[in-house]
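Asks: The following block contains the structure, expressed as structure tokens.
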Amino acid sequence: MTNPLYQQGWNRLREVDAEAGERVIASLQDISPDLGRYIIEFGFGEVYNRPGLSLQQRELATIAALTALGNTTPQLKVHIAAGLNVGLSQQEIHETILQMALYAGFPAALNGMFAAKEVFAEHDGA
């Protein structure tokens with residue numbers, strides 16, 4: 001029987017990230033399935049299911065944080081796509097990344113904007 005928290009997290013992951021999230025978890029199976037389980041159970045089973053923020057707000061916060069870190073392009077791309085998936089507009093994502101130029105610096109904002117450009121092009125071409 002599947003752990004209820006795992007199932008709740010898996011359902012939320014599919015709602016937010018769809019296939020991209022599933023690919024991330026699948027990519028961990030041969031190196032660290034436990035890390036994948038932690039992401040599902042804690043990240044999506046607990047944190048993403050808390051009250052107080054909408055999925056859109058959670059994705060904007062995640063996009064801002066990943067942009068500010070400046071070295072998380074693969075994860076940032078997944079969450080930009082997730083933001084579009086949960087109803088954020090390209091403009092909302094663009095403005096969030098642009099805002100990070102003030103607090104994380106221009107290099108981080110540039111990296112974030114180039115990641116967004118790629119995701120937007122894939123999304124528009126889909």
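A note on labels: chains of the structure tokens are A, B, ... as shown, every chain counts residues from 1, and ligands are counted from 1 in their shown order.
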Tell me which protein, DNA and RNA residues are within 6 Å of region 76-87 of chain A, counting only C-alpha atoms, leaving out same-chain ones fewer than 5 positions away, and put them as a PyMOL selection string.
Replies: chain A and resi 16-17+59+66+115
Asks: Restrict the selected residues to N, CA and C atoms and save them as a PDB file, in the first residue's frame.
Replies:
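New file out.pdb:
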```pdb
ATOM      1  N   VAL A  16       0.952  20.403 -10.438  1.00  0.00           N
ATOM      2  CA  VAL A  16       1.824  21.563 -10.596  1.00  0.00           C
ATOM      3  C   VAL A  16       2.768  21.401 -11.785  1.00  0.00           C
ATOM      4  N   ASP A  17       3.527  20.325 -11.792  1.00  0.00           N
ATOM      5  CA  ASP A  17       4.613  20.172 -12.760  1.00  0.00           C
ATOM      6  C   ASP A  17       4.320  19.222 -13.911  1.00  0.00           C
ATOM      7  N   GLU A  59       4.474  29.189  -6.828  1.00  0.00           N
ATOM      8  CA  GLU A  59       5.386  29.133  -7.970  1.00  0.00           C
ATOM      9  C   GLU A  59       6.120  30.447  -8.172  1.00  0.00           C
ATOM     10  N   LEU A  66      14.724  30.559  -6.908  1.00  0.00           N
ATOM     11  CA  LEU A  66      15.654  29.880  -7.815  1.00  0.00           C
ATOM     12  C   LEU A  66      16.428  30.875  -8.670  1.00  0.00           C
ATOM     13  N   ALA A 115      16.631  31.605 -19.033  1.00  0.00           N
ATOM     14  CA  ALA A 115      15.893  30.354 -18.776  1.00  0.00           C
ATOM     15  C   ALA A 115      14.425  30.534 -19.145  1.00  0.00           C
TER      16      ALA A 115
END
```
Asks: Have a look at A:Leu5, A:Leu69, A:Ile63, A:Ala26 and name the one nearest to Glu95 (chain A); count only C-alpha atoms.
Replies: A:Ile63
Asks: List the neighbours of Leu110 (chain A) out to 10 Å using only C-alpha atoms; skip same-chain residues closer than 2 positions along the sequence, and give me the result as an NGL selection string.
Replies: :A and (67 or 70 or 97-98 or 100-101 or 105-108 or 112-116)
Asks: Could you please take those selected residues and save N, CA and C atoms as an mmCIF file, in the first residue's frame?
Replies:
```cif
data_model
loop_
_atom_site.group_PDB
_atom_site.id
_atom_site.type_symbol
_atom_site.label_atom_id
_atom_site.label_comp_id
_atom_site.auth_asym_id
_atom_site.auth_seq_id
_atom_site.Cartn_x
_atom_site.Cartn_y
_atom_site.Cartn_z
ATOM 1 N N THR A 67 15.767 31.953 -9.077
ATOM 2 C CA THR A 67 16.464 33.004 -9.818
ATOM 3 C C THR A 67 17.538 33.633 -8.933
ATOM 4 N N GLY A 70 20.760 31.780 -8.587
ATOM 5 C CA GLY A 70 21.619 32.044 -9.734
ATOM 6 C C GLY A 70 22.286 30.842 -10.377
ATOM 7 N N ILE A 97 11.215 37.693 -12.263
ATOM 8 C CA ILE A 97 12.641 37.539 -12.533
ATOM 9 C C ILE A 97 13.319 38.910 -12.589
ATOM 10 N N LEU A 98 12.682 39.867 -13.232
ATOM 11 C CA LEU A 98 13.232 41.217 -13.314
ATOM 12 C C LEU A 98 13.400 41.825 -11.917
ATOM 13 N N MET A 100 14.211 40.383 -9.310
ATOM 14 C CA MET A 100 15.382 39.783 -8.662
ATOM 15 C C MET A 100 16.676 40.512 -8.998
ATOM 16 N N ALA A 101 16.680 41.321 -10.061
ATOM 17 C CA ALA A 101 17.878 42.112 -10.378
ATOM 18 C C ALA A 101 18.226 43.034 -9.209
ATOM 19 N N GLY A 105 20.995 40.586 -7.952
ATOM 20 C CA GLY A 105 21.989 41.069 -8.893
ATOM 21 C C GLY A 105 21.619 40.793 -10.343
ATOM 22 N N PHE A 106 22.253 41.541 -11.210
ATOM 23 C CA PHE A 106 21.972 41.415 -12.634
ATOM 24 C C PHE A 106 22.375 40.063 -13.216
ATOM 25 N N PRO A 107 23.508 39.482 -12.815
ATOM 26 C CA PRO A 107 23.837 38.169 -13.377
ATOM 27 C C PRO A 107 22.765 37.108 -13.083
ATOM 28 N N ALA A 108 22.254 37.084 -11.864
ATOM 29 C CA ALA A 108 21.202 36.115 -11.531
ATOM 30 C C ALA A 108 19.938 36.384 -12.342
ATOM 31 N N GLY A 112 18.182 33.960 -15.114
ATOM 32 C CA GLY A 112 16.764 33.642 -14.993
ATOM 33 C C GLY A 112 15.975 34.018 -16.236
ATOM 34 N N MET A 113 16.298 35.175 -16.786
ATOM 35 C CA MET A 113 15.563 35.638 -17.967
ATOM 36 C C MET A 113 15.856 34.760 -19.177
ATOM 37 N N PHE A 114 17.100 34.318 -19.315
ATOM 38 C CA PHE A 114 17.423 33.430 -20.433
ATOM 39 C C PHE A 114 16.745 32.067 -20.263
ATOM 40 N N ALA A 115 16.631 31.605 -19.033
ATOM 41 C CA ALA A 115 15.893 30.354 -18.776
ATOM 42 C C ALA A 115 14.425 30.534 -19.145
ATOM 43 N N ALA A 116 13.847 31.679 -18.754
ATOM 44 C CA ALA A 116 12.449 31.954 -19.083
ATOM 45 C C ALA A 116 12.246 32.027 -20.587
#
```
